[in-house]
Each structure stands twice: as C-alpha cells, then as structure tokens.
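Student: Input file: input.txt. Contents: compact mmCIF, C-alpha atoms.
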# COMPACT_ATOMS: atom_id res chain seq x y z
CA MET Q 1 -21.48 7.64 -13.35
CA ILE Q 2 -18.05 7.65 -11.73
CA LEU Q 3 -14.76 6.50 -13.22
CA ALA Q 4 -12.52 5.31 -10.38
CA GLY Q 5 -8.85 4.42 -10.73
CA ASP Q 6 -6.30 2.72 -8.50
CA ILE Q 7 -2.93 3.44 -10.12
CA GLY Q 8 -0.08 1.18 -8.99
CA GLY Q 9 3.51 0.63 -9.97
CA THR Q 10 2.62 -2.91 -11.07
CA ASN Q 11 -1.09 -2.79 -11.95
CA THR Q 12 -3.68 -0.15 -12.74
CA ARG Q 13 -7.35 -0.83 -12.02
CA LEU Q 14 -10.22 1.15 -13.48
CA ALA Q 15 -13.90 0.81 -12.71
CA LEU Q 16 -17.18 2.45 -13.63
CA CYS Q 17 -19.25 2.89 -10.47
CA GLU Q 18 -22.59 4.19 -9.29
CA GLU Q 19 -23.53 5.11 -5.72
CA SER Q 20 -26.49 2.95 -4.74
CA GLY Q 21 -27.32 4.33 -1.30
CA GLU Q 22 -25.67 1.28 0.24
CA GLY Q 23 -22.22 1.82 -1.17
CA PHE Q 24 -20.76 1.78 -4.66
CA GLU Q 25 -21.93 -0.67 -7.28
CA ILE Q 26 -19.18 -1.55 -9.76
CA ILE Q 27 -20.66 -1.64 -13.27
CA ALA Q 28 -17.46 -2.55 -15.13
CA GLU Q 29 -13.90 -3.19 -13.96
CA GLU Q 30 -10.56 -4.06 -15.58
CA LYS Q 31 -6.98 -4.52 -14.43
CA TYR Q 32 -3.98 -3.63 -16.62
CA ARG Q 33 -0.21 -4.05 -16.33
CA SER Q 34 0.95 -0.49 -15.82
CA ALA Q 35 4.32 -0.93 -17.56
CA ALA Q 36 2.56 -2.03 -20.77
CA PHE Q 37 1.16 1.48 -21.29
CA SER Q 38 2.71 4.88 -21.90
CA GLY Q 39 0.46 6.56 -19.39
CA LEU Q 40 -2.94 6.71 -17.71
CA ASP Q 41 -4.62 8.31 -20.73
CA ALA Q 42 -3.87 5.23 -22.86
CA ILE Q 43 -5.38 2.91 -20.25
CA ILE Q 44 -8.51 5.03 -19.90
CA GLU Q 45 -9.00 5.02 -23.68
CA LYS Q 46 -8.68 1.24 -23.80
CA PHE Q 47 -11.01 0.77 -20.83
CA LEU Q 48 -13.76 3.04 -22.16
CA SER Q 49 -13.54 1.74 -25.73
CA GLY Q 50 -16.89 0.25 -26.70
CA LYS Q 51 -18.65 1.47 -23.54
CA SER Q 52 -21.50 3.97 -23.83
CA ALA Q 53 -21.33 5.26 -20.24
CA HIS Q 54 -21.17 9.02 -19.75
CA VAL Q 55 -18.66 9.75 -16.97
CA GLU Q 56 -19.62 12.73 -14.81
CA ARG Q 57 -16.82 12.45 -12.28
CA ALA Q 58 -13.49 10.66 -12.15
CA GLY Q 59 -11.24 10.05 -9.15
CA PHE Q 60 -7.78 8.47 -9.26
CA GLY Q 61 -5.46 7.33 -6.49
CA VAL Q 62 -1.91 7.85 -7.77
CA PRO Q 63 1.43 6.78 -6.21
CA GLY Q 64 3.17 10.08 -5.60
CA PRO Q 65 2.81 13.49 -3.96
CA VAL Q 66 -0.27 15.28 -5.30
CA ALA Q 67 -0.12 19.07 -5.48
CA GLY Q 68 -2.31 20.46 -8.21
CA GLU Q 69 -3.45 18.81 -11.42
CA ILE Q 70 -0.13 17.35 -12.60
CA VAL Q 71 1.56 14.50 -10.74
CA LYS Q 72 4.87 12.79 -11.50
CA LEU Q 73 4.58 9.23 -10.24
CA ALA Q 74 7.10 7.69 -7.87
CA ASN Q 75 7.42 4.12 -9.20
CA LEU Q 76 6.27 4.59 -12.81
CA PRO Q 77 7.76 6.73 -15.61
CA TRP Q 78 4.43 8.51 -15.97
CA THR Q 79 3.12 12.02 -15.46
CA VAL Q 80 -0.63 12.15 -14.81
CA ASP Q 81 -2.33 15.37 -15.93
CA ALA Q 82 -5.91 15.83 -14.71
CA ARG Q 83 -6.54 18.39 -17.46
CA ALA Q 84 -5.67 15.83 -20.14
CA VAL Q 85 -8.02 13.31 -18.53
CA LYS Q 86 -10.80 15.93 -18.47
CA HIS Q 87 -10.26 16.54 -22.18
CA LEU Q 88 -10.35 12.80 -22.84
CA LEU Q 89 -13.61 12.28 -20.92
CA GLY Q 90 -15.23 15.41 -22.38
CA ASP Q 91 -18.68 16.91 -21.70
CA GLY Q 92 -17.65 18.77 -18.53
CA ALA Q 93 -16.44 15.76 -16.55
CA GLU Q 94 -14.84 16.62 -13.20
CA VAL Q 95 -11.51 14.93 -12.45
CA GLY Q 96 -9.68 14.65 -9.13
CA LEU Q 97 -6.28 13.20 -8.21
CA ILE Q 98 -5.34 12.04 -4.72
CA ASN Q 99 -2.45 10.06 -3.30
CA ASP Q 100 -2.98 6.30 -3.60
CA LEU Q 101 -2.81 5.75 0.16
CA GLU Q 102 -5.28 8.56 0.71
CA ALA Q 103 -7.57 6.62 -1.64
CA ASN Q 104 -6.94 3.47 0.43
CA ALA Q 105 -7.86 5.41 3.55
CA TYR Q 106 -11.14 6.64 2.03
CA GLY Q 107 -11.84 3.06 0.97
CA LEU Q 108 -11.83 1.83 4.58
CA SER Q 109 -15.26 3.39 5.10
CA GLU Q 110 -16.64 1.34 2.19
CA LEU Q 111 -15.57 -2.04 3.61
CA ALA Q 112 -17.43 -4.60 5.72
CA PRO Q 113 -16.09 -6.34 8.89
CA GLU Q 114 -15.29 -9.48 6.88
CA ASP Q 115 -12.90 -7.43 4.73
CA PHE Q 116 -10.38 -7.32 7.58
CA ALA Q 117 -8.14 -9.84 9.36
CA VAL Q 118 -7.24 -9.01 12.97
CA LEU Q 119 -3.58 -9.12 14.02
CA SER Q 120 -4.17 -7.39 17.35
CA GLU Q 121 -7.62 -6.68 18.80
CA GLY Q 122 -6.40 -3.83 20.97
CA GLU Q 123 -8.70 -1.24 22.53
CA ARG Q 124 -10.02 1.02 19.79
CA ASN Q 125 -10.40 4.70 20.64
CA ARG Q 126 -13.35 5.80 18.49
CA THR Q 127 -12.30 9.46 18.64
CA GLY Q 128 -8.62 8.73 18.02
CA ASN Q 129 -6.61 9.09 14.85
CA ALA Q 130 -5.90 6.08 12.64
CA ALA Q 131 -3.38 5.26 9.92
CA ILE Q 132 -2.87 2.92 6.99
CA ILE Q 133 0.40 1.49 5.71
CA SER Q 134 0.64 -0.47 2.48
CA ALA Q 135 3.58 -2.47 1.21
CA GLY Q 136 3.31 -3.31 -2.49
CA THR Q 137 5.49 -2.24 -5.39
CA GLY Q 138 6.51 0.61 -3.07
CA LEU Q 139 5.55 1.61 0.48
CA GLY Q 140 2.74 4.05 1.18
CA GLU Q 141 1.48 5.61 4.37
CA ALA Q 142 -1.49 7.84 5.16
CA GLY Q 143 -3.19 9.17 8.24
CA LEU Q 144 -6.83 9.55 9.25
CA HIS Q 145 -7.47 12.49 11.55
CA PHE Q 146 -10.55 12.47 13.78
CA GLU Q 147 -12.63 15.52 12.86
CA GLU Q 148 -14.56 16.58 15.94
CA GLU Q 149 -17.21 18.67 14.14
CA MET Q 150 -18.22 15.90 11.72
CA LYS Q 151 -17.46 13.03 14.12
CA THR Q 152 -15.59 11.22 11.37
CA LEU Q 153 -12.08 10.23 10.30
CA ARG Q 154 -10.68 12.39 7.48
CA PRO Q 155 -7.80 10.91 5.46
CA PHE Q 156 -4.66 12.83 4.57
CA ALA Q 157 -1.68 11.81 2.47
CA SER Q 158 1.99 11.44 3.34
CA GLU Q 159 5.19 10.28 1.67
CA GLY Q 160 6.37 8.36 4.72
CA GLY Q 161 7.58 5.44 2.63
CA HIS Q 162 10.47 7.62 1.48
CA ALA Q 163 11.65 8.41 5.01
CA ASP Q 164 15.00 6.97 6.12
CA PHE Q 165 15.29 3.29 7.02
CA ALA Q 166 16.18 2.96 10.72
CA PRO Q 167 17.94 -0.35 11.59
CA ARG Q 168 17.23 -1.81 15.04
CA ASP Q 169 19.81 -4.59 15.47
CA ASP Q 170 23.13 -5.82 14.08
CA SER Q 171 21.55 -7.69 11.18
CA GLU Q 172 19.60 -4.63 10.06
CA ILE Q 173 22.71 -2.46 10.44
CA GLU Q 174 24.49 -4.83 8.07
CA LEU Q 175 21.48 -4.72 5.75
CA LEU Q 176 21.66 -0.91 5.75
CA LYS Q 177 25.35 -1.03 4.83
CA PHE Q 178 24.62 -3.53 2.06
CA LEU Q 179 21.84 -1.39 0.59
CA ARG Q 180 23.84 1.82 0.95
CA GLU Q 181 26.40 0.35 -1.43
CA LYS Q 182 23.59 -0.27 -3.91
CA TYR Q 183 21.48 2.87 -3.54
CA GLY Q 184 23.43 5.48 -1.61
CA ARG Q 185 20.55 6.76 0.51
CA VAL Q 186 18.32 3.99 1.90
CA SER Q 187 14.65 4.78 2.39
CA VAL Q 188 12.34 2.49 4.35
CA GLU Q 189 10.70 1.60 1.01
CA ARG Q 190 13.95 -0.17 0.03
CA VAL Q 191 13.25 -2.65 2.85
CA VAL Q 192 9.47 -2.73 3.37
CA SER Q 193 7.95 -3.32 -0.10
CA GLY Q 194 8.12 -5.87 -2.89
CA GLN Q 195 11.54 -4.58 -3.90
CA GLY Q 196 12.42 -4.58 -0.19
CA LEU Q 197 11.74 -8.30 0.16
CA GLU Q 198 13.89 -8.89 -2.91
CA ASN Q 199 16.63 -6.70 -1.38
CA ILE Q 200 16.54 -8.64 1.90
CA TYR Q 201 16.76 -11.91 0.00
CA GLY Q 202 19.77 -10.59 -1.97
CA PHE Q 203 21.41 -9.49 1.28
CA LEU Q 204 21.05 -12.93 2.89
CA ARG Q 205 22.31 -14.64 -0.28
CA ASP Q 206 25.24 -12.36 -1.10
CA THR Q 207 26.54 -12.14 2.48
CA LYS Q 208 26.34 -15.94 2.79
CA ARG Q 209 23.95 -15.78 5.73
CA ALA Q 210 21.88 -18.43 3.96
CA GLU Q 211 22.38 -20.69 0.95
CA GLU Q 212 20.48 -20.26 -2.31
CA PRO Q 213 19.71 -23.68 -3.83
CA ALA Q 214 20.09 -24.07 -7.60
CA TRP Q 215 16.37 -24.72 -8.20
CA LEU Q 216 15.48 -21.47 -6.45
CA ARG Q 217 18.10 -19.50 -8.38
CA GLU Q 218 16.56 -20.75 -11.62
CA GLU Q 219 13.01 -19.98 -10.48
CA ILE Q 220 13.95 -16.42 -9.54
CA ALA Q 221 15.86 -15.89 -12.80
CA GLU Q 222 12.81 -16.89 -14.84
CA ALA Q 223 10.31 -14.87 -12.79
CA THR Q 224 8.99 -11.41 -13.58
CA ASP Q 225 8.38 -10.83 -9.85
CA ALA Q 226 11.22 -12.16 -7.68
CA ALA Q 227 9.53 -11.01 -4.47
CA ALA Q 228 6.49 -13.17 -5.24
CA VAL Q 229 8.76 -16.19 -5.66
CA VAL Q 230 10.43 -15.49 -2.32
CA SER Q 231 7.15 -15.03 -0.43
CA LYS Q 232 5.53 -18.10 -2.05
CA ASN Q 233 8.43 -20.39 -1.11
CA ALA Q 234 8.60 -18.88 2.36
CA VAL Q 235 4.90 -19.33 3.16
CA SER Q 236 4.97 -22.91 1.84
CA GLY Q 237 8.05 -23.70 3.93
CA LYS Q 238 9.89 -24.97 0.86
CA SER Q 239 12.98 -22.75 1.21
CA GLU Q 240 15.01 -21.82 4.28
CA ILE Q 241 16.52 -18.67 2.76
CA CYS Q 242 13.07 -17.47 1.64
CA GLY Q 243 11.71 -18.14 5.12
CA LEU Q 244 14.50 -16.10 6.70
CA ALA Q 245 13.96 -13.27 4.22
CA LEU Q 246 10.23 -13.13 4.90
CA GLU Q 247 10.77 -13.24 8.66
CA MET Q 248 13.21 -10.30 8.44
CA PHE Q 249 10.77 -8.46 6.18
CA ALA Q 250 7.81 -9.01 8.55
CA SER Q 251 9.85 -7.74 11.48
CA ALA Q 252 10.84 -4.58 9.60
CA TYR Q 253 7.23 -4.12 8.45
CA GLY Q 254 6.00 -4.38 12.04
CA ALA Q 255 8.58 -1.88 13.29
CA THR Q 256 7.67 0.56 10.52
CA ALA Q 257 3.95 0.22 11.26
CA GLY Q 258 4.70 0.84 14.94
CA ASN Q 259 6.65 3.98 14.05
CA LEU Q 260 3.68 5.21 12.03
CA ALA Q 261 1.33 4.49 14.94
CA LEU Q 262 3.49 6.65 17.21
CA LYS Q 263 3.79 9.51 14.71
CA MET Q 264 0.03 9.61 14.10
CA LEU Q 265 -0.93 8.67 17.67
CA ALA Q 266 -3.17 6.16 15.91
CA THR Q 267 -5.24 5.00 18.88
CA GLY Q 268 -8.12 4.45 16.45
CA GLY Q 269 -6.18 1.66 14.73
CA ILE Q 270 -3.49 0.75 12.22
CA PHE Q 271 -4.53 -0.85 8.92
CA LEU Q 272 -2.27 -2.82 6.59
CA GLY Q 273 -3.25 -2.36 2.95
CA GLY Q 274 -1.49 -3.23 -0.27
CA GLY Q 275 -1.04 -6.49 -2.09
CA ILE Q 276 1.61 -8.14 0.09
CA ALA Q 277 -0.04 -8.37 3.52
CA PRO Q 278 -2.94 -10.71 2.58
CA LYS Q 279 -0.50 -13.05 0.80
CA ILE Q 280 1.77 -13.40 3.84
CA LEU Q 281 -0.96 -13.43 6.48
CA PRO Q 282 0.36 -16.61 8.20
CA GLN Q 283 3.75 -14.91 8.68
CA LEU Q 284 2.13 -11.72 9.97
CA LYS Q 285 0.09 -13.76 12.46
CA SER Q 286 3.12 -15.73 13.68
CA GLY Q 287 4.04 -13.04 16.21
CA LYS Q 288 7.18 -11.43 14.76
CA PHE Q 289 5.25 -8.57 13.18
CA ILE Q 290 3.28 -7.66 16.31
CA GLU Q 291 6.31 -8.00 18.60
CA SER Q 292 8.25 -5.56 16.42
CA PHE Q 293 5.18 -3.29 16.23
CA ARG Q 294 5.01 -3.09 20.02
CA ALA Q 295 8.75 -2.98 20.79
CA LYS Q 296 8.89 0.79 21.38
CA GLY Q 297 10.41 0.94 24.86
CA ARG Q 298 8.47 3.28 27.14
CA MET Q 299 5.63 3.45 24.59
CA ARG Q 300 5.04 -0.31 24.54
CA SER Q 301 1.87 -0.10 26.67
CA LEU Q 302 0.41 2.41 24.20
CA LEU Q 303 1.17 0.19 21.19
CA GLU Q 304 -0.37 -2.85 22.91
CA LYS Q 305 -3.72 -1.03 23.00
CA ILE Q 306 -3.73 -0.08 19.30
CA PRO Q 307 -5.85 -2.37 17.08
CA VAL Q 308 -4.02 -3.74 14.03
CA ARG Q 309 -5.91 -5.11 11.03
CA VAL Q 310 -5.05 -6.34 7.53
CA VAL Q 311 -7.25 -5.14 4.67
CA LEU Q 312 -8.27 -8.26 2.71
CA ASN Q 313 -10.44 -6.57 0.07
CA ASP Q 314 -8.19 -5.70 -2.88
CA LYS Q 315 -10.75 -3.16 -4.15
CA ALA Q 316 -10.26 -0.84 -1.15
CA ALA Q 317 -8.30 1.80 -3.06
CA LEU Q 318 -10.65 1.62 -6.04
CA LEU Q 319 -13.69 2.12 -3.80
CA GLY Q 320 -11.80 4.90 -2.02
CA ALA Q 321 -11.20 6.72 -5.30
CA ALA Q 322 -14.93 6.43 -6.06
CA HIS Q 323 -15.77 7.66 -2.55
CA TYR Q 324 -13.51 10.69 -3.02
CA ALA Q 325 -15.02 11.52 -6.42
CA PHE Q 326 -18.60 11.26 -5.14
CA TYR Q 327 -18.36 12.80 -1.66
CA GLU Q 328 -15.20 14.87 -1.37
CA MET Q 329 -14.20 16.44 -4.69
CA ASP Q 330 -16.26 19.62 -4.22
CA LYS Q 331 -15.02 20.29 -0.67
In structure tokens, write the structure found in this file.
Tutor:
Amino acid sequence: MILAGDIGGTNTRLALCEESGEGFEIIAEEKYRSAAFSGLDAIIEKFLSGKSAHVERAGFGVPGPVAGEIVKLANLPWTVDARAVKHLLGDGAEVGLINDLEANAYGLSELAPEDFAVLSEGERNRTGNAAIISAGTGLGEAGLHFEEEMKTLRPFASEGGHADFAPRDDSEIELLKFLREKYGRVSVERVVSGQGLENIYGFLRDTKRAEEPAWLREEIAEATDAAAVVSKNAVSGKSEICGLALEMFASAYGATAGNLALKMLATGGIFLGGGIAPKILPQLKSGKFIESFRAKGRMRSLLEKIPVRVVLNDKAALLGAAHYAFYEMDK
C-alpha cells in the first residue's frame, strides 16, 4: 500500500494507491485546503483517521528544493520532515520527498493519450529530452533527461520558476517596473502563476491601461482567489480588462515555456501541467501562446518542431508521487 501526496500552495491531495500491473489503482483520495492546516503531518493524520490500511511506502511531491529529509516549502509556511512522517506512519514505512514538478514529470508516464490536449503537434524526437512547466499557485519547472542505457526519460527537479523575469517588449518592461516597486526583485513566478495573473491585472488597472468596472471590483473584493475571477471573466468574454490580462499572461507563459525548451533542448516535448492551463485552454489555443513560444529568433525553426501539450488529468502529480514511491525510492 502506497500513500501518495501532491502538496500545493493552495490544495494538498493525498491518496492510498496500489500498483495493479496496469498502473496505480487509487483506493482512497481526499483534497484539503493547505492553509487550513499547520503542516503535512496534520493532514496525513486526518486522512488516515478511520482507515485500516497499512502504508508500506509514502511519496510526496512538495513545492520547494528537496535536499535531504527536511524541506522548507516555497509558497506555504510549512516545513516537511520525512522523519516525522515515518514516525507517524510507523511499522517501518519508507518515506520519500521529491520536488512537486519532479512528481508531475514522473506522472506523465502514468497518463493515457486522452489526458493531453495538443497545442503544437511538432515532430517528437523519441530520444530527446523533455520538460514540464506548471503555472498554479506558483510556477514550477522540471526536466526529463533521456537515459540511453534504460531507453527512458528520467525526471529531475529545478527551481526555474524563481529565475528572473525577462521582459520582451515595452508593455512587459513597464510591467517589470511596476512589479519591482512592489517586490524589489521580480522572478518569473511573479508573472506566470496565479499570483502573476493577479499582478498583471493590477498593472493594467493601476496604470489605467484598461478600466475596471464596478461589478468586477466588487467580485474580486469578495473572492478568495482573484486570479480565478480574472480568468473566468476573460474566458467568458465578459470583461475587457480580464481579457487583456489573460492575453498578456498567456504570452508570457508561452515565452517562458519556450525559454525552458531551449535550456533543456526539449526536442522530446514540452508539457504544461498545473491547475491553470486546462482552465484557460481556449486562450492557449488562440495562437498567442504558441507564437510567443516560438519567437526565439534564430532558434525559431527548432521551437516549431517541439511538440507542446497540456496535461488535462489533475491527478498527474499524485500518480507521479506514487510512481516514485513504488519504482524509484530505492535507487
């Protein structure tokens, strides 16, 4: 029995899984608001309460750099200690922590063709590297290196979401200046993430580039997730300022994904994970994302050949954590 966890800045998902020979069967699954708990231990206790399952292995994808058994999370005031989780599970349970995007990358091998939406068919190089980029509460990136001996893609983590934001035109230069006043240093996560969409919206509103109607101001003030309000009203076409914000966001997302493709030489494909991409799929398919993805000067012809897909299955990271616990933890 495996306990798998997908730890996010907004939500934490836990599942009990068994490997069936045809993938992982989820026996029990729950989703919790991360901010409502003091830490992962408290969520695990609540999840396992009343369940008789004996957990032999546990794997958790956590948002932050993993080095050892103790991880301080990037977008949550938590510290996850694998030793404390082992003590909680008892009876010699093995516990492993990996970066959340590394878990997403492992999860790709557990998905079916219908779990993806194609943004660019490209020409997949089956022995080339690949990469995954996920905009959600924050921005995560991970690579998949082609391992010649095993003839397989092996995921590895990064903290690319905390690299510097690189503006490409006058509007983005002004956005950088606006965000520098707010944050000092501006990482790409401040633009390409849920908080990034909210930041872009605030930039358009406060610099008078677009008007915020009273009804929208009230809706955002009452919401717990302003970015969700912006994306909803953009996709529906109800608000001009929301539409402009989402368009600017999609362009920056595409450019960032293109940068990742170049850094990883991801001729095996780029995958978009996270919670935002499936919700704004019409915007991503409208062309702005792919044009920004490919707009890399002399490298444009290379980017045009790279397949780009959106991960539609929101259990990818959870399945990836289970995959890691079952297949990789002893390596």
Student: Show me, as a list in words, the residues that have an atom within 7 Å of Ser231 of chain Q when counting all atoms listed in the file, minus same-chain residues fewer than 3 positions from it.
Tutor: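 Residues meeting the cut-off are Ala227, Ala228, Ala234, Val235, Cys242 and Leu246 of chain Q.
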Student: If I wrap all listed atoms of segment 41-55 of chain Q in a box with edges along x, y and z and add 6 Å on each side, what are its centre and edge lengths in Å to one decimal, as lines of an AutoDock Vina configuration file?
Tutor:
center_x = -12.7
center_y = 5.0
center_z = -21.8
size_x = 29.6
size_y = 21.5
size_z = 21.7
Student: Could you work out how far atom CA of Ala35 of chain Q lies from atom CA of Glu69 of chain Q, giving the answer in Å with one decimal?
Tutor: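 A separation of 22.1 Å between them.
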Student: As a list in words, please: the residues near segment 51-67 of chain Q (cut-off 7 Å, only C-alpha atoms, same-chain neighbours under 5 positions excluded).
Tutor: Met1, Ile2, Leu3, Ala4, Gly5, Asp6, Ile7, Gly8, Lys72, Leu73, Ala74, Leu89, Ala93, Glu94, Val95, Gly96, Leu97, Ile98, Asn99, Asp100, Ala103, Glu159, Ala321, Ala322, Tyr324 and Ala325 of chain Q
Student: Interatomic distance between atom CA of Ile27 of chain Q and atom CA of His323 of chain Q?
Tutor: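 Interatomic distance here is 15.0 Å.
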